[in-house]
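A.B. asks: Right, I'll just put the structure down here and ask away after.
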Amino acid sequence: STFNCAIRNIFYATRDWNGIILNQEVPMHLKPSGSWKINEIKTDDGIVIRHGLVAVSDGKVSPQSRHLVVTKDSILLQKQCASNCDSASGNRPFPLDSKEREVIVVKQNGSGLGLSIKGGAEHGLPVFISRVFRDQAADLTGQLFVGDAILSVNGHRLKNYTHEQTLKVMRDTGDVVTLVVKHYRASTPFLLRNSTNAERCAEILQDCPYLRAEEGWETVADVNDSLSNSRRSSSPADISQASSIANDSNFWALDGEWIDIATVPLKFAYITRYIYGTDQMRRNAFEVRGTGGKSTGVITILEPAALSQWIRHISDAIQSINASEMTLHNRLLPGVEQVIYIGWIHERVPSSEAQNISSNGYLWLPVFIGLKGDAVLFFKEPPVDVNDWNTTAKAFLVLEVMFRPLRDSEHLDDRPNCFTLQVIEESLIESRYFSVETRQDFLRFENAWHRAMTSSAIRTGVKSFPVMCDGLEGTLTLNWNDGFIFAASEGPEWSYKFSQLKGSSDDGKETLKFHFRQADGRGIDRKEITCSDLHSLIYCMTSFLTAKVATIDPSFVKVDARKSGI
């Protein structure tokens with residue numbers, strides 16, 4: 001298609017959707033422009049592709065020059081490769097995380113593994129891969145990289161193995177070798193230098209002290225590692241490093257090839273300026289996190305206008321593709337179960353792990369939320385297809401949940417755009433505290449919530465609760481058309497329109513008092529009831545009343561972003 005052709009023209013030495021190498025030169029008008037400027041191209045299909053230079057860090061090394069490309073459904077990052085780069089020199093893409101990986105290497109015609117190693121226990125380091133030779137066994141796996149620490153060979157753990165002991169184990173293997181490796185990005189620049197093994201190991205130890213951890217070169221647990229490293233990446237020193245890189249003429253150099261190193265699909269992704277788990281905002285940077293743990297890393301842009309534009313373009317692309325996903329799901333769902341909102345929000349939760357990054361004992365963790373039919377649903381992972389809507393971790397009826405926007409004075413920390421959802425679970429009230437990234441995101445969620453609540457109230461029509469009034473057992477019914485109706489097996493009944501309710505109060509336990517305006521408008525009737533399910537009654541009553549207001553004044557649930565200062 002025209003779109004795919006445009007993509008192929010942008011990326012030099014990248015892969016198409018079938019994994020075929022595309023060795024096409026980047027057209028001059030699509031090459032990085034040498035500034036923070038965002039460049040745009042439009043395909044014949046009207047699809048806009050944006051690209052430009054940024055600085056990217058994984059939180060462990062200084063920000064590096066990268067080419068950022070945003071398409072309609074993904075973000076790609078490219079690194080510059082010198083014209084003479086090859087696999088043997090180690091200039092090849094690297095893994096995005098430091099998780100352990102199992103790689104099976106098949107030797108070719110009795111030859112070796114096709115890699116070189118450095119380090120060893122005598123240097124206080126793991127054994128690192130320092131070179132991967134082109135078109136040999138290790139290179140053909142596509143899964144081994146300079147900077148990988150070899151943890152085991154065919155099940156033999158190499159902890160505390162010297163360099164020579166490791167060589168012996170590797171030489172004694174057969175034609176099929178199973179390696180367990182773990183990548184250490186910070187070691188890669190030192191391994192690629194033309195220095196001796198001892199010199200490189202000394203440099204790595206000096207600049208990468210975390211490799212000497214007491215637990216035997218293991219990195220910190222994923223969450224804490226991500227949080228602490230992200231915190232470092234946002235420090236003034238790192239911003240200063242990004243600034244010095246951006247002012248370096250080599251940062252803007254355009255010679256050589258650009259190869260893609262990371263792709264993050266935008267479907268069900270989210271963009272954030274906050275350090276993971278905290279309320280600390282990065283001043284000049286953001287990160288895009290996708291499903292399956294994929295991330296762009298921390299993208300630093302020192303020019304405020306360009307930073308805002310990139311965030312807006314990426315946010316719009318995410319919203320567009322999520323809206324398309326909702327449309328696809330809704331085609332397969334009945335009318336009463338239509339999805340009107342999906343997206344990531346962040347929840348403030350107590351956590352013992354928070355002590356490593358915060359003194360308040362709380363973490364901000366992402367939660368995927370959906371509004372579907374009469375329910376609000378919380379997911380650990382987004383629903384990829386229609387059947388996944390039945391695998392939620394938690395689901396609550398919208399009419400029985402209290403949505404409350406919070407004023408700035410009510411915020412518990414420095415994250416803005418906060419609200420609570422009060423839910424009832426096993427007869428207990430739980431107030432869950434959430435935040436969204438921007439004011440626009442907040443208004444979008446608030447609008448969707450009121451629409452879901454209104455639709456649910458109209459569909460439900462009638463909701464009844466067992467109560468006692470004036471010593472009589474009966475039922476209080478909320479009727480969409482008729483209002484409040486109390487009926488008892490014996491004794492008088494009473495009813496009032498929703499519009500007659502002047503006020504109400506409760507004791508937070510069982511008692512609820514109503515103040516109704518009389519039909520002739522001349523007086524106030526007071527009614528008192530007790531209900532064992534008081535909070536469900538109050539939440540449902542609030543939903544019905546809010547929905548009534550919304551139907552009388554449709555603008556109540558229509559958010560005008562222009563009037564909201566967005």
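Ordering of the structure tokens sets the chain letters (A, B, ...), residue numbers begin anew at 1 in every chain, and ligands are numbered from 1 in the order given.
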Find the spatial neighbours of range 478-484 of chain A, counting only C-alpha atoms, within a cut-off of 8 Å - ignore same-chain residues fewer than 4 positions away - and output them as an NGL selection string.

C.D. replies: :A and (457-458 or 461-464 or 495-498 or 541 or 544)

A.B. asks: Would you mind exporting all heavy atoms of the selected residues as a compact mmCIF listing (two decimals), in the first residue's frame?

C.D. replies:
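Full text of result-v1.txt as output:
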```txt
# COMPACT_ATOMS: atom_id res chain seq x y z
N ALA A 457 -28.88 4.39 33.85
CA ALA A 457 -30.08 4.74 34.62
C ALA A 457 -31.33 4.59 33.77
O ALA A 457 -32.36 4.07 34.23
CB ALA A 457 -29.95 6.16 35.16
N ILE A 458 -31.27 5.04 32.53
CA ILE A 458 -32.44 4.95 31.64
C ILE A 458 -32.76 3.49 31.35
O ILE A 458 -33.93 3.07 31.35
CB ILE A 458 -32.18 5.72 30.34
CG1 ILE A 458 -32.06 7.22 30.64
CG2 ILE A 458 -33.27 5.47 29.33
CD1 ILE A 458 -31.63 8.06 29.45
N GLY A 461 -34.12 1.78 34.67
CA GLY A 461 -35.50 2.22 34.86
C GLY A 461 -35.99 2.18 36.29
O GLY A 461 -36.47 3.18 36.82
N VAL A 462 -35.89 1.04 36.95
CA VAL A 462 -36.42 0.85 38.30
C VAL A 462 -35.38 0.15 39.15
O VAL A 462 -34.79 -0.86 38.74
CB VAL A 462 -37.72 0.02 38.29
CG1 VAL A 462 -38.18 -0.26 39.71
CG2 VAL A 462 -38.81 0.72 37.49
N LYS A 463 -35.15 0.69 40.34
CA LYS A 463 -34.21 0.07 41.29
C LYS A 463 -34.85 0.12 42.66
O LYS A 463 -35.25 1.19 43.14
CB LYS A 463 -32.89 0.84 41.29
CG LYS A 463 -31.76 0.15 42.00
CD LYS A 463 -31.15 -0.96 41.16
CE LYS A 463 -29.90 -1.51 41.83
NZ LYS A 463 -29.32 -2.63 41.07
N SER A 464 -34.97 -1.03 43.34
CA SER A 464 -35.68 -1.10 44.62
C SER A 464 -34.75 -1.56 45.74
O SER A 464 -33.82 -2.36 45.52
CB SER A 464 -36.86 -2.06 44.52
OG SER A 464 -37.81 -1.59 43.57
N SER A 495 -44.99 9.04 47.60
CA SER A 495 -44.17 9.16 46.39
C SER A 495 -43.90 10.64 46.10
O SER A 495 -44.72 11.51 46.41
CB SER A 495 -44.88 8.50 45.19
OG SER A 495 -46.07 9.19 44.87
N TYR A 496 -42.74 10.90 45.52
CA TYR A 496 -42.34 12.25 45.15
C TYR A 496 -41.53 12.18 43.85
O TYR A 496 -40.79 11.21 43.60
CB TYR A 496 -41.46 12.89 46.23
CG TYR A 496 -42.16 13.09 47.55
CD1 TYR A 496 -42.12 12.09 48.53
CD2 TYR A 496 -42.86 14.26 47.83
CE1 TYR A 496 -42.75 12.26 49.75
CE2 TYR A 496 -43.51 14.43 49.05
CZ TYR A 496 -43.45 13.43 50.00
OH TYR A 496 -44.09 13.60 51.20
N LYS A 497 -41.66 13.20 43.04
CA LYS A 497 -40.84 13.31 41.85
C LYS A 497 -39.39 13.61 42.25
O LYS A 497 -39.14 14.18 43.32
CB LYS A 497 -41.36 14.43 40.94
CG LYS A 497 -42.74 14.19 40.37
CD LYS A 497 -42.70 13.09 39.32
CE LYS A 497 -44.04 12.95 38.60
NZ LYS A 497 -44.03 11.85 37.59
N PHE A 498 -38.47 13.26 41.37
CA PHE A 498 -37.08 13.58 41.65
C PHE A 498 -36.90 15.09 41.82
O PHE A 498 -36.10 15.54 42.64
CB PHE A 498 -36.17 13.07 40.51
CG PHE A 498 -35.98 11.59 40.49
CD1 PHE A 498 -36.36 10.83 39.40
CD2 PHE A 498 -35.41 10.93 41.59
CE1 PHE A 498 -36.18 9.46 39.37
CE2 PHE A 498 -35.22 9.56 41.58
CZ PHE A 498 -35.61 8.81 40.47
N MET A 541 -29.14 6.49 44.02
CA MET A 541 -29.97 7.69 44.01
C MET A 541 -29.20 8.86 43.37
O MET A 541 -29.76 9.60 42.55
CB MET A 541 -30.35 8.06 45.45
CG MET A 541 -31.21 9.30 45.58
SD MET A 541 -31.61 9.67 47.31
CE MET A 541 -30.01 10.28 47.89
N PHE A 544 -29.15 8.36 39.59
CA PHE A 544 -30.44 8.69 38.96
C PHE A 544 -30.62 10.20 38.87
O PHE A 544 -31.05 10.73 37.84
CB PHE A 544 -31.58 8.05 39.74
CG PHE A 544 -31.98 6.69 39.25
CD1 PHE A 544 -31.16 5.59 39.44
CD2 PHE A 544 -33.18 6.50 38.59
CE1 PHE A 544 -31.52 4.34 38.99
CE2 PHE A 544 -33.55 5.24 38.13
CZ PHE A 544 -32.72 4.15 38.33
```

A.B. asks: Find the residues near Val376 in chain A: any atom within 7 Å, counting only C-alpha atoms, skip ones fewer than 6 places away on the same chain, and give them as a ChimeraX atom specification.

C.D. replies: /A:370,395-398

A.B. asks: For each of A:Ile129, A:Ile538, A:Val336, A:Ile314, take the minimum atom-to-atom distance to Gln422 in chain A, counting only C-alpha atoms, then give the residue where this is smallest.

C.D. replies: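 For Gln422 in chain A, the nearest of the candidates is A:Ile538.
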
A.B. asks: What is the distance between CA of Val339 in chain A and CA of Arg444 in chain A, in Å to one decimal?

C.D. replies: 14.2 Å

A.B. asks: Extract, using only C-alpha atoms, all DNA, RNA and protein residues at most 10 Å from Arg517 in chain A, discarding same-chain residues fewer than 3 positions from it, and format them as a PDB file with N, CA, C and O atoms, in the first residue's frame.

C.D. replies:
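Saved to out-v1.pdb:
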```pdb
ATOM      1  N   TYR A 496     -42.743  10.898  45.520  1.00  0.00           N
ATOM      2  CA  TYR A 496     -42.338  12.253  45.149  1.00  0.00           C
ATOM      3  C   TYR A 496     -41.535  12.183  43.850  1.00  0.00           C
ATOM      4  O   TYR A 496     -40.791  11.211  43.602  1.00  0.00           O
ATOM      5  N   LYS A 497     -41.663  13.197  43.042  1.00  0.00           N
ATOM      6  CA  LYS A 497     -40.845  13.306  41.849  1.00  0.00           C
ATOM      7  C   LYS A 497     -39.391  13.614  42.251  1.00  0.00           C
ATOM      8  O   LYS A 497     -39.136  14.184  43.316  1.00  0.00           O
ATOM      9  N   SER A 499     -37.679  15.860  41.061  1.00  0.00           N
ATOM     10  CA  SER A 499     -37.550  17.318  41.118  1.00  0.00           C
ATOM     11  C   SER A 499     -38.032  17.905  42.432  1.00  0.00           C
ATOM     12  O   SER A 499     -37.727  19.059  42.750  1.00  0.00           O
ATOM     13  N   GLN A 500     -38.761  17.123  43.238  1.00  0.00           N
ATOM     14  CA  GLN A 500     -39.269  17.618  44.518  1.00  0.00           C
ATOM     15  C   GLN A 500     -38.255  17.467  45.650  1.00  0.00           C
ATOM     16  O   GLN A 500     -38.452  18.007  46.735  1.00  0.00           O
ATOM     17  N   LEU A 501     -37.175  16.731  45.389  1.00  0.00           N
ATOM     18  CA  LEU A 501     -36.177  16.533  46.441  1.00  0.00           C
ATOM     19  C   LEU A 501     -35.390  17.823  46.657  1.00  0.00           C
ATOM     20  O   LEU A 501     -34.720  18.326  45.762  1.00  0.00           O
ATOM     21  N   LYS A 502     -35.458  18.368  47.852  1.00  0.00           N
ATOM     22  CA  LYS A 502     -34.747  19.598  48.197  1.00  0.00           C
ATOM     23  C   LYS A 502     -33.403  19.315  48.865  1.00  0.00           C
ATOM     24  O   LYS A 502     -32.484  20.124  48.806  1.00  0.00           O
ATOM     25  N   GLY A 503     -33.281  18.164  49.488  1.00  0.00           N
ATOM     26  CA  GLY A 503     -32.032  17.827  50.154  1.00  0.00           C
ATOM     27  C   GLY A 503     -32.144  16.504  50.865  1.00  0.00           C
ATOM     28  O   GLY A 503     -33.242  15.947  51.024  1.00  0.00           O
ATOM     29  N   PHE A 514     -34.870  12.519  54.055  1.00  0.00           N
ATOM     30  CA  PHE A 514     -35.234  13.252  52.842  1.00  0.00           C
ATOM     31  C   PHE A 514     -35.983  14.531  53.212  1.00  0.00           C
ATOM     32  O   PHE A 514     -36.739  14.557  54.187  1.00  0.00           O
ATOM     33  N   ASP A 520     -47.702  21.504  46.095  1.00  0.00           N
ATOM     34  CA  ASP A 520     -48.167  22.873  45.881  1.00  0.00           C
ATOM     35  C   ASP A 520     -47.062  23.898  46.128  1.00  0.00           C
ATOM     36  O   ASP A 520     -47.270  25.109  45.965  1.00  0.00           O
ATOM     37  N   GLY A 521     -45.886  23.404  46.552  1.00  0.00           N
ATOM     38  CA  GLY A 521     -44.750  24.285  46.755  1.00  0.00           C
ATOM     39  C   GLY A 521     -44.795  25.089  48.018  1.00  0.00           C
ATOM     40  O   GLY A 521     -43.949  25.968  48.243  1.00  0.00           O
ATOM     41  N   ARG A 522     -45.741  24.834  48.915  1.00  0.00           N
ATOM     42  CA  ARG A 522     -45.923  25.672  50.101  1.00  0.00           C
ATOM     43  C   ARG A 522     -45.204  25.140  51.343  1.00  0.00           C
ATOM     44  O   ARG A 522     -45.111  25.846  52.347  1.00  0.00           O
ATOM     45  N   GLY A 523     -44.752  23.926  51.301  1.00  0.00           N
ATOM     46  CA  GLY A 523     -44.138  23.372  52.500  1.00  0.00           C
ATOM     47  C   GLY A 523     -43.156  22.266  52.172  1.00  0.00           C
ATOM     48  O   GLY A 523     -42.940  21.900  51.003  1.00  0.00           O
ATOM     49  N   ILE A 524     -42.509  21.717  53.248  1.00  0.00           N
ATOM     50  CA  ILE A 524     -41.511  20.660  53.108  1.00  0.00           C
ATOM     51  C   ILE A 524     -41.982  19.429  53.882  1.00  0.00           C
ATOM     52  O   ILE A 524     -42.403  19.530  55.050  1.00  0.00           O
ATOM     53  N   ASP A 525     -41.938  18.275  53.214  1.00  0.00           N
ATOM     54  CA  ASP A 525     -42.224  17.001  53.876  1.00  0.00           C
ATOM     55  C   ASP A 525     -40.893  16.337  54.224  1.00  0.00           C
ATOM     56  O   ASP A 525     -39.978  16.267  53.396  1.00  0.00           O
ATOM     57  N   ARG A 526     -40.797  15.827  55.441  1.00  0.00           N
ATOM     58  CA  ARG A 526     -39.576  15.155  55.881  1.00  0.00           C
ATOM     59  C   ARG A 526     -39.853  13.669  56.051  1.00  0.00           C
ATOM     60  O   ARG A 526     -40.815  13.282  56.708  1.00  0.00           O
TER      61      ARG A 526
END
```

A.B. asks: Tell me which of A:Glu337, A:Asp388, A:Glu425, A:Glu287 sits closest to Ser455 in chain A, counting only C-alpha atoms.

C.D. replies: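 Ranked by minimum distance to Ser455 in chain A, first place goes to A:Glu337.
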
A.B. asks: Tell me, which residues of range 260-410 of chain A carry DSSP alpha helix (DSSP H), written as a PyMOL selection string?

C.D. replies: chain A and resi 304-331
